[in-house]
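Content type compact mmCIF, C-alpha atoms, from the file structure_4.txt:
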```txt
# COMPACT_ATOMS: atom_id res chain seq x y z
CA MET A 1 39.16 45.09 101.13
CA SER A 2 42.53 43.60 102.03
CA GLU A 3 43.18 42.69 98.40
CA GLN A 4 42.18 46.18 97.26
CA HIS A 5 44.55 47.65 99.84
CA ILE A 6 47.40 45.51 98.50
CA LEU A 7 46.66 46.59 94.92
CA ARG A 8 46.62 50.25 95.93
CA ALA A 9 49.90 49.83 97.79
CA PHE A 10 51.49 48.20 94.74
CA ASP A 11 50.28 50.96 92.44
CA ARG A 12 51.62 53.59 94.83
CA ASP A 13 55.02 51.93 95.14
CA LEU A 14 55.24 51.35 91.38
CA GLU A 15 54.38 54.98 90.68
CA ALA A 16 57.13 56.06 93.06
CA VAL A 17 59.79 53.94 91.39
CA GLN A 18 58.68 55.10 87.94
CA GLY A 19 59.12 58.64 89.24
CA LEU A 20 62.73 57.76 90.05
CA VAL A 21 63.18 56.59 86.46
CA MET A 22 61.91 59.94 85.18
CA ARG A 23 64.31 61.75 87.50
CA MET A 24 67.17 59.58 86.27
CA GLY A 25 66.20 60.36 82.69
CA GLY A 26 66.38 64.09 83.39
CA MET A 27 69.84 63.72 84.92
CA VAL A 28 71.06 61.75 81.90
CA GLU A 29 69.66 64.29 79.44
CA THR A 30 71.46 67.08 81.28
CA ALA A 31 74.69 65.08 81.28
CA ILE A 32 74.54 64.62 77.49
CA LEU A 33 73.90 68.30 76.79
CA ASP A 34 76.57 69.45 79.25
CA ALA A 35 79.12 67.00 77.83
CA ALA A 36 78.41 68.21 74.30
CA GLU A 37 78.65 71.85 75.35
CA ALA A 38 81.91 71.18 77.20
CA LEU A 39 83.34 69.55 74.09
CA ALA A 40 82.29 72.35 71.75
CA ALA A 41 83.58 75.04 74.14
CA ARG A 42 86.62 73.05 75.28
CA ASP A 43 85.43 73.63 78.83
CA GLU A 44 87.34 71.20 81.02
CA ASP A 45 85.58 72.31 84.21
CA MET A 46 82.16 71.50 82.76
CA ALA A 47 83.48 68.19 81.47
CA GLU A 48 84.73 67.31 84.95
CA LYS A 49 81.31 68.18 86.37
CA VAL A 50 79.73 65.67 83.96
CA ARG A 51 82.23 62.98 84.98
CA ALA A 52 81.58 63.57 88.67
CA GLY A 53 77.82 63.63 88.17
CA ASP A 54 77.83 60.12 86.71
CA LYS A 55 78.17 58.74 90.24
CA ALA A 56 74.75 60.16 91.12
CA ILE A 57 73.24 58.52 88.03
CA ASP A 58 74.76 55.17 88.98
CA ALA A 59 73.52 55.52 92.55
CA LEU A 60 70.00 56.26 91.35
CA GLU A 61 70.00 53.19 89.11
CA GLU A 62 71.04 51.08 92.10
CA ARG A 63 68.20 52.56 94.16
CA ILE A 64 65.71 51.84 91.37
CA ASN A 65 66.92 48.24 91.15
CA GLU A 66 66.60 47.76 94.90
CA GLU A 67 63.16 49.36 95.10
CA THR A 68 61.88 47.31 92.16
CA ALA A 69 63.25 44.05 93.55
CA ARG A 70 61.59 44.80 96.88
CA LEU A 71 58.35 45.63 95.12
CA ILE A 72 58.32 42.35 93.21
CA ALA A 73 59.24 40.31 96.28
CA LEU A 74 56.67 41.89 98.61
CA ARG A 75 53.74 42.40 96.25
CA ALA A 76 54.01 39.33 93.98
CA PRO A 77 52.48 41.26 91.05
CA ALA A 78 50.29 39.69 88.38
CA ALA A 79 51.59 39.27 84.82
CA SER A 80 50.80 42.76 83.50
CA ASP A 81 52.09 44.49 86.62
CA LEU A 82 55.19 42.32 86.62
CA ARG A 83 55.84 43.38 83.04
CA THR A 84 55.68 47.01 84.14
CA ALA A 85 58.06 46.41 87.02
CA LEU A 86 60.55 44.62 84.78
CA SER A 87 60.37 47.44 82.23
CA VAL A 88 61.56 49.79 84.97
CA LEU A 89 64.72 47.71 85.41
CA LYS A 90 65.43 47.61 81.68
CA ILE A 91 64.86 51.33 81.17
CA ALA A 92 67.03 52.23 84.15
CA SER A 93 69.79 50.02 82.72
CA SER A 94 69.58 51.79 79.35
CA LEU A 95 69.72 55.18 81.05
CA GLU A 96 72.78 54.14 83.04
CA ARG A 97 74.58 53.15 79.84
CA VAL A 98 73.69 56.46 78.21
CA GLY A 99 75.09 58.22 81.27
CA ASP A 100 78.31 56.26 80.82
CA PHE A 101 78.55 57.40 77.21
CA ALA A 102 78.10 61.02 78.30
CA LYS A 103 80.87 60.51 80.87
CA ASN A 104 83.11 59.05 78.16
CA MET A 105 82.47 62.13 76.02
CA ALA A 106 83.51 64.33 78.92
CA LYS A 107 86.68 62.28 79.50
CA ARG A 108 87.88 62.91 75.96
CA THR A 109 87.23 66.65 76.21
CA ALA A 110 90.31 67.16 78.39
CA VAL A 111 92.45 65.33 75.83
CA LEU A 112 90.99 67.14 72.84
CA SER A 113 91.41 70.55 74.46
CA GLN A 114 95.19 70.04 74.23
CA MET A 115 95.02 69.35 70.47
CA HIS A 116 94.39 71.61 67.51
CA ASP A 117 90.73 72.08 66.67
CA ILE A 118 88.92 70.21 63.89
CA PRO A 119 86.68 72.88 62.30
CA GLY A 120 82.96 72.27 62.76
CA ALA A 121 83.35 69.03 64.73
CA GLY A 122 82.21 70.40 68.08
CA GLY A 123 79.09 71.97 66.60
CA ALA A 124 78.20 68.85 64.61
CA LEU A 125 78.54 66.61 67.66
CA LYS A 126 76.47 69.08 69.67
CA ARG A 127 73.66 68.90 67.10
CA MET A 128 73.81 65.11 67.11
CA SER A 129 73.66 65.12 70.91
CA LYS A 130 70.57 67.35 70.88
CA ALA A 131 68.85 64.96 68.46
CA VAL A 132 69.56 62.07 70.81
CA VAL A 133 68.38 64.00 73.87
CA GLN A 134 65.09 64.72 72.07
CA MET A 135 64.74 61.01 71.27
CA LEU A 136 65.42 60.10 74.87
CA SER A 137 63.01 62.70 76.22
CA ASP A 138 60.26 61.55 73.87
CA ALA A 139 60.91 57.88 74.70
CA LEU A 140 60.48 58.64 78.39
CA ASP A 141 57.36 60.70 77.71
CA ALA A 142 56.02 57.76 75.70
CA TYR A 143 56.72 55.48 78.65
CA ASN A 144 55.07 57.82 81.11
CA SER A 145 51.94 58.17 78.97
CA ARG A 146 52.03 54.66 77.43
CA ASP A 147 52.03 56.30 73.98
CA VAL A 148 52.83 53.65 71.36
CA ALA A 149 52.67 56.13 68.46
CA LEU A 150 55.29 58.38 70.06
CA ALA A 151 57.44 55.34 70.84
CA GLU A 152 57.27 54.27 67.19
CA ASP A 153 58.25 57.79 66.12
CA VAL A 154 61.32 57.68 68.37
CA ARG A 155 62.22 54.32 66.90
CA ALA A 156 62.04 55.71 63.37
CA ARG A 157 64.23 58.69 64.28
CA ASP A 158 67.13 56.42 65.15
CA ARG A 159 67.83 56.25 61.41
CA GLU A 160 68.47 60.01 61.35
CA VAL A 161 71.06 59.70 64.12
CA ASP A 162 72.73 56.85 62.23
CA GLN A 163 72.93 59.05 59.15
CA MET A 164 74.48 61.88 61.16
CA TYR A 165 77.06 59.48 62.54
CA THR A 166 77.95 58.11 59.12
CA ALA A 167 78.35 61.62 57.70
CA LEU A 168 80.64 62.60 60.57
CA PHE A 169 82.71 59.44 60.19
CA ARG A 170 83.32 60.24 56.53
CA GLU A 171 84.15 63.84 57.38
CA PHE A 172 86.71 62.74 59.96
CA LEU A 173 88.27 60.38 57.41
CA THR A 174 88.64 63.28 55.00
CA HIS A 175 90.38 65.40 57.64
CA MET A 176 92.76 62.54 58.47
CA MET A 177 93.69 62.02 54.83
CA GLU A 178 94.27 65.74 54.29
CA ASP A 179 96.66 66.16 57.23
CA PRO A 180 98.30 63.44 59.40
CA ARG A 181 98.15 65.81 62.37
CA ASN A 182 94.36 65.42 62.29
CA ILE A 183 94.50 61.65 62.85
CA THR A 184 94.66 61.62 66.65
CA PRO A 185 91.99 64.28 67.32
CA CYS A 186 89.73 62.78 64.66
CA MET A 187 90.05 59.35 66.25
CA HIS A 188 88.90 60.80 69.58
CA LEU A 189 86.05 62.64 67.85
CA HIS A 190 85.02 59.47 66.06
CA PHE A 191 84.78 57.58 69.35
CA ILE A 192 82.58 60.36 70.70
CA ALA A 193 80.34 60.27 67.62
CA LYS A 194 79.98 56.51 67.99
CA ASN A 195 79.10 56.89 71.66
CA ILE A 196 76.38 59.36 70.74
CA GLU A 197 75.06 56.97 68.11
CA ARG A 198 74.89 54.28 70.79
CA MET A 199 72.90 56.67 72.98
CA GLY A 200 70.33 56.78 70.19
CA ASP A 201 70.21 52.99 70.17
CA HIS A 202 69.41 52.98 73.89
CA ALA A 203 66.67 55.59 73.40
CA THR A 204 65.26 53.23 70.77
CA THR A 205 65.46 50.33 73.21
CA ILE A 206 63.42 52.33 75.70
CA SER A 207 60.80 53.06 73.05
CA GLU A 208 60.62 49.35 72.25
CA GLN A 209 60.01 48.65 75.95
CA VAL A 210 57.04 51.01 75.76
CA ILE A 211 55.63 49.11 72.81
CA TYR A 212 56.13 45.81 74.62
CA LEU A 213 54.58 47.17 77.80
CA VAL A 214 51.43 48.37 76.05
CA THR A 215 50.95 45.64 73.45
CA GLY A 216 52.57 42.66 75.15
CA ALA A 217 54.84 42.06 72.15
CA MET A 218 58.09 43.51 70.87
CA PRO A 219 57.98 45.22 67.45
CA GLU A 220 57.99 42.57 64.73
CA GLU A 221 60.15 44.31 62.16
CA SER A 222 63.74 45.17 62.98
CA ARG A 223 64.45 48.80 63.81
CA PRO A 224 65.23 50.97 60.77
CA LYS A 225 68.98 51.49 60.48
CA ALA A 226 70.81 53.75 58.10
CA ASP A 227 73.84 52.61 56.15
CA SER A 228 76.37 52.89 58.93
CA VAL A 229 80.06 52.14 59.14
CA THR A 230 81.20 49.20 61.22
CA THR A 231 83.52 49.81 64.13
CA VAL A 232 84.88 47.70 66.94
CA GLY A 233 85.92 48.32 70.51
CA ILE A 234 83.55 51.22 71.07
CA GLU A 235 81.18 50.12 73.84
CA GLY A 236 83.59 50.33 76.70
CA GLN A 237 85.60 53.32 75.52
```
Could I get this file's structure written as structure tokens?
Amino acid sequence: MSEQHILRAFDRDLEAVQGLVMRMGGMVETAILDAAEALAARDEDMAEKVRAGDKAIDALEERINEETARLIALRAPAASDLRTALSVLKIASSLERVGDFAKNMAKRTAVLSQMHDIPGAGGALKRMSKAVVQMLSDALDAYNSRDVALAEDVRARDREVDQMYTALFREFLTHMMEDPRNITPCMHLHFIAKNIERMGDHATTISEQVIYLVTGAMPEESRPKADSVTTVGIEGQ
């Protein structure tokens, strides 16, 4: 009975910490959509709200890390349960990075609002953001329901986001060549597009964690990637 009690306590604690991950995911999804809306509308107040809200996302990741570490230390979980606990840490880390990218998008909104508009850029980045949010939402749903098929679908959709990024990159290049005044705003917009593309990569990483959690093995074939341009110095922007 004592062993059964311990197992029930572990399951209860693990369910609670996974609930925190779901809450964190919801906060990150909102941050992405708000940052994209702020950019499209040139709404500096909304952008500042996204930047300020990143602190709550960071704090929640720290709480998840602490709760998971305590869970592992106190419950000494078996292999399969340990794998679940470790997946929580990895998913929370991916969500924190996505939150950082949303914050970075919001930071550049204030700068871009002082420059002349690049026609269609805000709407295109908003559509790309929505595609990534759907990937992220589905990846978290796959995690919650241990749905490998949905996780694989999210993984495949990363290619679509890559294609959107590549198309935007080429469009920004065209604008820069047509008018030198477009160079600075297009550079900022390109960094934002790359950040959104990286969000898609993290959603894919979460889906791969689902596959590993359920099957015990990471996907054998590399994730499908579209023909994408190579850039440097993006991650920490």
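Remark: for A:Leu95, the closest of the candidate residues A:Glu15, A:Glu160, A:Glu61, A:Asp34 is A:Glu61 (distances computed over all atoms listed in the file).
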Given the choices A:Ile72, A:Met24, A:Met177, A:Val133, which gets closest to A:Leu86 if the distance is worked out from only C-alpha atoms?
A:Ile72
At most 12 Å from (72.4, 68.0, 78.1), file frame, only C-alpha atoms: which residues, as a ChimeraX atom specification?
/A:25-39,46-47,50,98-99,102-103,105-106,126-134,136-137
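Nearest-residue note for A:Thr215: choosing from A:His190, A:Met199, A:Thr84, A:Gly122, the minimum distance belongs to A:Thr84, counting only C-alpha atoms.
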Write out as JSON, numbers by chain each polymer residue whose atoms come within 12 Å of A:Gly216, counting all atoms listed in the file; drop sequence neighbours fewer than 2 positions from it.
{"A": [79, 80, 81, 82, 83, 84, 87, 148, 208, 209, 210, 211, 212, 213, 214, 218, 219, 220]}
Dump of C-alpha atoms for the selected residues, as a JSON list (two decimals), in the frame of the given file:
```json
[["chain", "number", "residue", "atom", "x", "y", "z"],
["A", 79, "ALA", "CA", 51.59, 39.27, 84.82],
["A", 80, "SER", "CA", 50.80, 42.76, 83.50],
["A", 81, "ASP", "CA", 52.09, 44.49, 86.62],
["A", 82, "LEU", "CA", 55.19, 42.32, 86.62],
["A", 83, "ARG", "CA", 55.84, 43.38, 83.04],
["A", 84, "THR", "CA", 55.68, 47.01, 84.14],
["A", 87, "SER", "CA", 60.37, 47.44, 82.23],
["A", 148, "VAL", "CA", 52.83, 53.65, 71.36],
["A", 208, "GLU", "CA", 60.62, 49.35, 72.25],
["A", 209, "GLN", "CA", 60.01, 48.65, 75.95],
["A", 210, "VAL", "CA", 57.04, 51.01, 75.76],
["A", 211, "ILE", "CA", 55.63, 49.11, 72.81],
["A", 212, "TYR", "CA", 56.13, 45.81, 74.62],
["A", 213, "LEU", "CA", 54.58, 47.17, 77.80],
["A", 214, "VAL", "CA", 51.43, 48.37, 76.05],
["A", 218, "MET", "CA", 58.09, 43.51, 70.87],
["A", 219, "PRO", "CA", 57.98, 45.22, 67.45],
["A", 220, "GLU", "CA", 57.99, 42.57, 64.73]]
```
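Note that atom CA of A:Asp158 and atom CA of A:Ala52 are 28.5 Å apart.
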By how many Å are atom CA of A:Gly19 and atom CA of A:Pro77 apart?
18.7 Å
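The neighbours of A:Val161 here are the residues that come within 7 Å of it, using all atoms listed in the file and leaving out any residue fewer than 2 positions away in the same chain; they are Met128, Arg157, Asp158, Arg159, Gln163, Met164, Tyr165, Glu197 and Gly200 of chain A.
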Tell me, in Å to one decimal, how far atom CA of A:Glu44 is from atom CA of A:Leu112.
9.8 Å
